[in-house]
file entry.cif (mmCIF, C-alpha atoms and all ligand atoms)
data_upload
loop_
_atom_site.label_atom_id
_atom_site.label_comp_id
_atom_site.auth_asym_id
_atom_site.auth_seq_id
_atom_site.Cartn_x
_atom_site.Cartn_y
_atom_site.Cartn_z
CA MET G 15 102.95 62.63 108.32
CA ALA G 16 103.47 59.05 107.17
CA ARG G 17 102.82 56.41 109.82
CA LYS G 18 106.03 54.88 111.15
CA LYS G 19 106.62 51.43 109.68
CA LYS G 20 106.06 48.50 112.03
CA GLY G 21 109.35 47.12 113.35
CA LEU G 22 110.68 43.68 112.49
CA LEU G 23 110.36 40.67 114.76
CA LEU G 24 113.69 38.83 114.60
CA VAL G 25 113.85 35.38 116.14
CA VAL G 26 117.45 34.38 116.84
CA SER G 27 118.23 30.78 117.79
CA GLY G 28 121.38 28.75 118.02
CA PRO G 29 122.99 26.28 120.38
CA ALA G 30 124.07 27.35 123.87
CA GLY G 31 127.63 28.69 123.65
CA VAL G 32 127.43 29.72 119.98
CA GLY G 33 127.67 33.40 120.88
CA LYS G 34 124.09 34.57 120.20
CA GLY G 35 124.30 36.98 123.12
CA THR G 36 127.60 38.46 121.95
CA VAL G 37 126.41 38.91 118.36
CA ASN G 38 123.08 40.42 119.43
CA ALA G 39 124.72 42.78 121.94
CA ALA G 40 127.18 44.03 119.29
CA LEU G 41 124.32 44.50 116.82
CA MET G 42 122.25 46.43 119.35
CA ALA G 43 125.20 48.65 120.30
CA LYS G 44 125.22 49.85 116.67
CA HIS G 45 121.43 50.08 116.31
CA PRO G 46 119.46 51.78 119.09
CA GLU G 47 116.23 50.97 117.22
CA ILE G 48 116.71 47.27 118.04
CA ARG G 49 115.32 45.99 121.36
CA MET G 50 115.89 42.67 123.05
CA SER G 51 112.88 40.90 124.48
CA VAL G 52 113.53 39.71 128.04
CA SER G 53 112.16 36.20 128.58
CA ALA G 54 110.63 34.86 131.76
CA THR G 55 112.08 31.66 133.21
CA THR G 56 111.75 29.39 136.22
CA ARG G 57 115.47 28.53 136.18
CA LEU G 58 117.75 29.96 138.87
CA PRO G 59 119.99 32.92 137.96
CA ARG G 60 123.59 32.14 136.97
CA PRO G 61 126.26 34.23 138.72
CA GLY G 62 126.04 37.79 137.42
CA GLU G 63 122.56 37.45 135.91
CA ILE G 64 120.17 40.26 136.86
CA ASP G 65 116.39 39.98 137.20
CA GLY G 66 114.68 42.03 134.48
CA VAL G 67 117.88 42.31 132.42
CA HIS G 68 118.88 38.76 131.48
CA TYR G 69 115.55 37.15 132.41
CA PHE G 70 112.53 37.78 134.57
CA PHE G 71 113.14 35.05 137.15
CA LYS G 72 109.82 33.54 138.19
CA THR G 73 108.57 30.82 140.50
CA LYS G 74 106.60 28.00 138.89
CA GLU G 75 103.44 29.51 140.43
CA GLU G 76 104.12 32.97 138.96
CA PHE G 77 104.88 31.42 135.57
CA ASP G 78 101.64 29.40 135.67
CA ARG G 79 99.69 32.58 136.42
CA MET G 80 101.19 34.29 133.35
CA ILE G 81 100.20 31.29 131.20
CA ALA G 82 96.62 31.54 132.54
CA GLU G 83 96.56 35.27 131.71
CA ASP G 84 97.67 34.54 128.10
CA ALA G 85 100.67 36.81 128.70
CA PHE G 86 103.09 34.78 126.53
CA LEU G 87 103.70 34.95 122.79
CA GLU G 88 105.10 31.43 123.29
CA TYR G 89 106.46 29.44 126.18
CA MET G 90 108.41 26.22 126.48
CA HIS G 91 109.56 23.59 128.90
CA VAL G 92 113.31 23.20 128.19
CA PHE G 93 115.83 20.54 129.30
CA GLY G 94 113.18 18.64 131.25
CA MET G 95 113.15 21.03 134.18
CA ASN G 96 112.79 24.74 133.45
CA TYR G 97 110.13 26.89 131.79
CA TYR G 98 110.96 29.75 129.43
CA GLY G 99 108.51 32.19 127.83
CA THR G 100 108.32 35.38 125.78
CA PRO G 101 106.09 38.08 127.31
CA LYS G 102 103.73 39.33 124.59
CA SER G 103 103.15 42.98 125.52
CA PHE G 104 106.75 44.24 125.12
CA VAL G 105 107.09 42.74 121.62
CA GLU G 106 103.82 44.25 120.41
CA GLU G 107 104.41 47.71 121.91
CA GLU G 108 107.94 48.07 120.56
CA ARG G 109 107.04 46.90 117.06
CA GLU G 110 104.16 49.38 116.95
CA LYS G 111 106.66 52.15 117.81
CA GLY G 112 108.75 51.10 114.80
CA ASN G 113 111.51 49.43 116.81
CA HIS G 114 112.82 45.99 115.85
CA VAL G 115 112.57 43.28 118.50
CA ILE G 116 114.95 40.34 118.88
CA LEU G 117 113.76 37.15 120.57
CA GLU G 118 116.61 34.89 121.63
CA ILE G 119 114.76 31.57 121.87
CA ASP G 120 115.16 27.88 121.12
CA VAL G 121 114.11 26.11 117.93
CA GLN G 122 110.71 24.91 119.17
CA GLY G 123 109.90 28.40 120.43
CA ALA G 124 110.92 29.83 117.06
CA LYS G 125 108.51 27.48 115.30
CA LYS G 126 105.66 28.61 117.57
CA VAL G 127 106.46 32.29 116.97
CA LYS G 128 106.49 31.77 113.19
CA ALA G 129 103.06 30.09 113.45
CA ALA G 130 101.69 32.96 115.57
CA CYS G 131 103.47 35.76 113.61
CA PRO G 132 104.12 34.68 109.99
CA ASP G 133 106.07 37.89 109.31
CA ALA G 134 108.70 36.96 111.95
CA VAL G 135 112.22 36.58 110.52
CA LEU G 136 113.97 33.43 111.73
CA VAL G 137 117.77 33.57 112.00
CA PHE G 138 119.90 30.64 113.12
CA ILE G 139 123.37 31.36 114.49
CA ALA G 140 125.53 28.29 113.88
CA PRO G 141 129.04 27.44 115.12
CA PRO G 142 131.84 26.76 112.61
CA SER G 143 131.91 23.18 114.04
CA LEU G 144 130.55 21.12 116.95
CA SER G 145 134.02 20.78 118.51
CA ILE G 146 134.48 24.58 118.50
CA LEU G 147 131.08 24.89 120.19
CA LYS G 148 132.07 22.44 122.94
CA ALA G 149 135.34 24.31 123.54
CA ARG G 150 133.39 27.58 123.90
CA LEU G 151 131.05 26.00 126.49
CA VAL G 152 134.02 24.71 128.51
CA GLY G 153 135.68 28.15 128.27
CA ARG G 154 132.57 29.88 129.61
CA GLY G 155 133.30 28.22 132.96
CA THR G 156 129.69 28.40 134.19
CA GLU G 157 128.57 24.91 133.13
CA THR G 158 129.03 21.56 134.89
CA GLN G 159 130.46 18.66 132.83
CA GLU G 160 126.98 17.11 132.78
CA SER G 161 125.46 20.34 131.48
CA ILE G 162 128.16 20.59 128.77
CA ASP G 163 127.41 17.02 127.61
CA VAL G 164 123.64 17.66 127.55
CA ARG G 165 124.08 20.95 125.70
CA THR G 166 126.46 19.45 123.10
CA ALA G 167 123.97 16.65 122.40
CA THR G 168 121.12 19.19 122.25
CA ALA G 169 123.16 21.34 119.83
CA LEU G 170 123.27 18.55 117.28
CA ASP G 171 119.48 18.20 117.46
CA GLU G 172 119.04 21.97 117.12
CA LEU G 173 121.26 22.09 114.02
CA LYS G 174 118.80 19.73 112.33
CA ALA G 175 116.18 22.53 112.51
CA LEU G 176 118.34 24.79 110.29
CA PRO G 177 116.27 24.26 107.11
CA ASP G 178 113.20 25.71 108.90
CA TYR G 179 114.98 29.04 109.35
CA ASP G 180 114.95 31.96 106.90
CA TYR G 181 118.66 32.74 107.34
CA MET G 182 121.81 31.19 108.80
CA VAL G 183 124.75 33.15 110.17
CA ILE G 184 127.95 31.32 111.12
CA ASN G 185 129.54 32.92 114.16
CA ASP G 186 133.24 32.56 113.52
CA VAL G 187 134.32 36.22 113.65
CA VAL G 188 131.79 38.28 115.63
CA GLU G 189 132.11 41.44 113.49
CA GLU G 190 131.35 39.43 110.35
CA ALA G 191 128.32 37.81 111.99
CA VAL G 192 127.08 41.29 112.97
CA SER G 193 127.46 42.55 109.37
CA GLU G 194 125.48 39.58 108.16
CA MET G 195 122.72 40.33 110.68
CA GLU G 196 122.65 43.93 109.38
CA ALA G 197 122.35 42.62 105.83
CA ILE G 198 119.37 40.50 106.88
CA LEU G 199 117.66 43.50 108.50
CA SER G 200 118.24 45.65 105.41
CA ALA G 201 116.93 42.99 103.03
CA GLU G 202 113.84 42.33 105.16
CA LEU G 203 112.98 46.04 105.34
CA LEU G 204 113.12 46.21 101.53
CA ARG G 205 110.61 43.37 101.01
CA THR G 206 107.69 44.54 98.89
CA GLY G 207 105.32 42.91 101.38
CA ARG G 208 106.58 45.27 104.10
CA ASN G 209 106.19 48.35 101.89
CA THR G 210 102.58 48.14 100.78
CA GLU G 211 101.82 51.74 101.86
CA LEU G 212 104.68 53.07 99.72
CA ILE G 213 103.61 50.93 96.78
CA THR G 214 100.05 52.26 97.02
CA LYS G 215 101.36 55.85 97.04
CA LEU G 216 103.73 55.25 94.14
CA THR G 217 101.09 53.57 92.00
CA GLY G 218 98.66 56.38 92.92
CA GLY G 219 100.99 58.95 91.36
CA GLU G 220 102.43 60.34 94.60
CA THR G 221 106.11 61.18 95.11
CA ILE G 222 107.63 59.03 97.84
P1 LIG C 301 119.73 29.36 129.16
O1 LIG C 301 119.26 28.57 130.36
O2 LIG C 301 121.08 28.91 128.68
O3 LIG C 301 119.67 30.84 129.40
O4 LIG C 301 118.70 29.05 127.98
C1 LIG C 301 118.34 27.76 127.66
C2 LIG C 301 117.54 27.73 126.39
O5 LIG C 301 116.28 28.38 126.56
C3 LIG C 301 118.23 28.44 125.23
O6 LIG C 301 118.18 27.60 124.08
C4 LIG C 301 117.40 29.67 125.06
O7 LIG C 301 117.43 30.13 123.72
C5 LIG C 301 116.02 29.18 125.44
N1 LIG C 301 115.11 30.27 125.80
C6 LIG C 301 115.40 31.41 126.46
N2 LIG C 301 114.32 32.18 126.56
C7 LIG C 301 113.31 31.54 125.91
C8 LIG C 301 111.93 31.85 125.66
O8 LIG C 301 111.39 32.90 126.01
N3 LIG C 301 111.21 30.91 124.99
C9 LIG C 301 111.77 29.74 124.56
N4 LIG C 301 110.99 28.90 123.90
N5 LIG C 301 113.05 29.43 124.76
C10 LIG C 301 113.82 30.31 125.43
#
call {"tool": "encode", "arguments": {"input": "entry.cif", "output": "structure tokens"}}
result
Amino acid sequence: MARKKKGLLLVVSGPAGVGKGTVNAALMAKHPEIRMSVSATTRLPRPGEIDGVHYFFKTKEEFDRMIAEDAFLEYMHVFGMNYYGTPKSFVEEEREKGNHVILEIDVQGAKKVKAACPDAVLVFIAPPSLSILKARLVGRGTETQESIDVRTATALDELKALPDYDYMVINDVVEEAVSEMEAILSAELLRTGRNTELITKLTGGETI
């Protein structure tokens, strides 16, 4: 039997409040073969966040131990106070099974992942405008005014990283953003570079 093709590694970034979580959740609801990597962080849980589901909430000491054990694909110090990192083992195991893995991480993290895994697909989810983004953050009701100001300023910086990404998806209507994500997955799976086994068979005279 043919070996199952290695799953894609999809890095999804975008400013806080852009709706990355909503788009990714809707995509995953349609595609059980897509898994979300759960990051580790030293920040405190927001109301409703569950350990092991939204993040693995760690103390600084626990996080430091994971760094020492080389357990992260990448990790980052964000907003001057908290650490965030992507545990390596889950990503590798799921991809080997043929499942696609989404990493929802910031632009610096994405750059590090691309350096470590050149076949990673980088997708940036952008808002239709900065003022719409700010309105979404206010509407979320979980952020302080200071946090909203910091995140809006950070968003502008993050948008400048757009040219480093492979694809951009504007999240105006969620269903349309999800269709565009599906189009990206389909196109990436059809890349000749991801189909070398099939190409070898075809050129060797086999029926595929
Ligand atoms: P939040 O505190 O709103 O959940 O996330 C803050 C920022 O940290 C977001 O931009 C988010 O994408 C980023 N982030 C979450 N997990 C990771 C991770 O594992 N690595 C990196 N580099 N950034 C992350």
call {"tool": "residues_near_ligand", "arguments": {"input": "entry.cif", "ligand": "ligand LIG 301 (chain C)", "cutoff": "10 Å", "atoms": "all atoms listed in the file", "output": "ChimeraX atom specification"}}
result
/G:25-31,34-35,51-60,63,68-70,86-93,96-101,117-127,157,165,168-169,172
call {"tool": "atom_distance", "arguments": {"input": "entry.cif", "atom1": "CA of Phe104 (chain G)", "atom2": "CA of Gly62 (chain G)"}}
result
23.8 Å
call {"tool": "atom_distance", "arguments": {"input": "entry.cif", "atom1": "CA of Ala134 (chain G)", "atom2": "CA of Glu108 (chain G)"}}
result
14.1 Å
call {"tool": "closest_residue", "arguments": {"input": "entry.cif", "among": "G:Glu83, G:Glu194, G:Glu107, G:Asp65", "to": "Arg49 (chain G)", "atoms": "all atoms listed in the file"}}
result
G:Glu107
call {"tool": "atom_distance", "arguments": {"input": "entry.cif", "atom1": "CA of Leu22 (chain G)", "atom2": "CA of Val115 (chain G)"}}
result
6.3 Å
call {"tool": "residues_around", "arguments": {"input": "entry.cif", "residues": "Gly112 (chain G)", "least_positions_apart": "3", "cutoff": "6 Å", "atoms": "only C-alpha atoms", "output": "mmCIF file with C-alpha atoms, in the frame of the given file"}}
result
data_model
loop_
_atom_site.group_PDB
_atom_site.id
_atom_site.type_symbol
_atom_site.label_atom_id
_atom_site.label_comp_id
_atom_site.auth_asym_id
_atom_site.auth_seq_id
_atom_site.Cartn_x
_atom_site.Cartn_y
_atom_site.Cartn_z
ATOM 1 C CA LYS G 18 106.030 54.880 111.150
ATOM 2 C CA LYS G 19 106.620 51.430 109.680
ATOM 3 C CA LYS G 20 106.060 48.500 112.030
ATOM 4 C CA GLY G 21 109.350 47.120 113.350
ATOM 5 C CA ARG G 109 107.040 46.900 117.060
#
call {"tool": "closest_atom_pairs", "arguments": {"input": "entry.cif", "of": "region 146-210 of chain G", "to": "region 42-47 of chain G", "cutoff": "12 Å", "atoms": "all atoms listed in the file", "output": "Markdown table"}}
result
| residue | atom | partner | partner_atom | distance |
| --- | --- | --- | --- | --- |
| G:Glu189 | CA | G:Lys44 | CA | 11.3 |
| G:Val192 | CA | G:Lys44 | CA | 9.5 |
| G:Ser193 | CA | G:Lys44 | CA | 10.6 |
| G:Met195 | CA | G:Met42 | CA | 10.6 |
| G:Glu196 | CA | G:His45 | CA | 9.3 |
| G:Leu199 | CA | G:His45 | CA | 10.9 |
call {"tool": "write_last_selection", "arguments": {"input": "entry.cif", "atoms": "C-alpha atoms", "output": "PDB file, in the coordinates of the input"}}
result
ATOM      1  CA  GLU G 189     132.110  41.440 113.490  1.00  0.00           C
ATOM      2  CA  VAL G 192     127.080  41.290 112.970  1.00  0.00           C
ATOM      3  CA  SER G 193     127.460  42.550 109.370  1.00  0.00           C
ATOM      4  CA  MET G 195     122.720  40.330 110.680  1.00  0.00           C
ATOM      5  CA  GLU G 196     122.650  43.930 109.380  1.00  0.00           C
ATOM      6  CA  LEU G 199     117.660  43.500 108.500  1.00  0.00           C
TER       7      LEU G 199
END
call {"tool": "closest_residue", "arguments": {"input": "entry.cif", "among": "G:His114, G:Arg154, G:Lys148, G:Lys215", "to": "Glu202 (chain G)", "atoms": "all atoms listed in the file"}}
result
G:His114
call {"tool": "residues_around", "arguments": {"input": "entry.cif", "residues": "Ala85 (chain G)", "least_positions_apart": "5", "cutoff": "8 Å", "atoms": "only C-alpha atoms", "output": "list in words"}}
result
Met80, Pro101, Lys102 and Ser103 of chain G
call {"tool": "closest_residue", "arguments": {"input": "entry.cif", "among": "G:Asn185, G:Pro177, G:Asn38, G:Glu110", "to": "Leu147 (chain G)", "atoms": "all atoms listed in the file"}}
result
G:Asn185
call {"tool": "closest_residue", "arguments": {"input": "entry.cif", "among": "G:Ile222, G:Ala140, G:Ala39, G:Ala82", "to": "Leu173 (chain G)", "atoms": "all atoms listed in the file"}}
result
G:Ala140
call {"tool": "closest_residue", "arguments": {"input": "entry.cif", "among": "G:Ile64, G:Ile162, G:Ile184, G:Ile198", "to": "Leu136 (chain G)", "atoms": "only C-alpha atoms"}}
result
G:Ile198
call {"tool": "closest_residue", "arguments": {"input": "entry.cif", "among": "G:Ala149, G:Leu23, G:Met182, G:Ile213", "to": "Val105 (chain G)", "atoms": "only C-alpha atoms"}}
result
G:Leu23
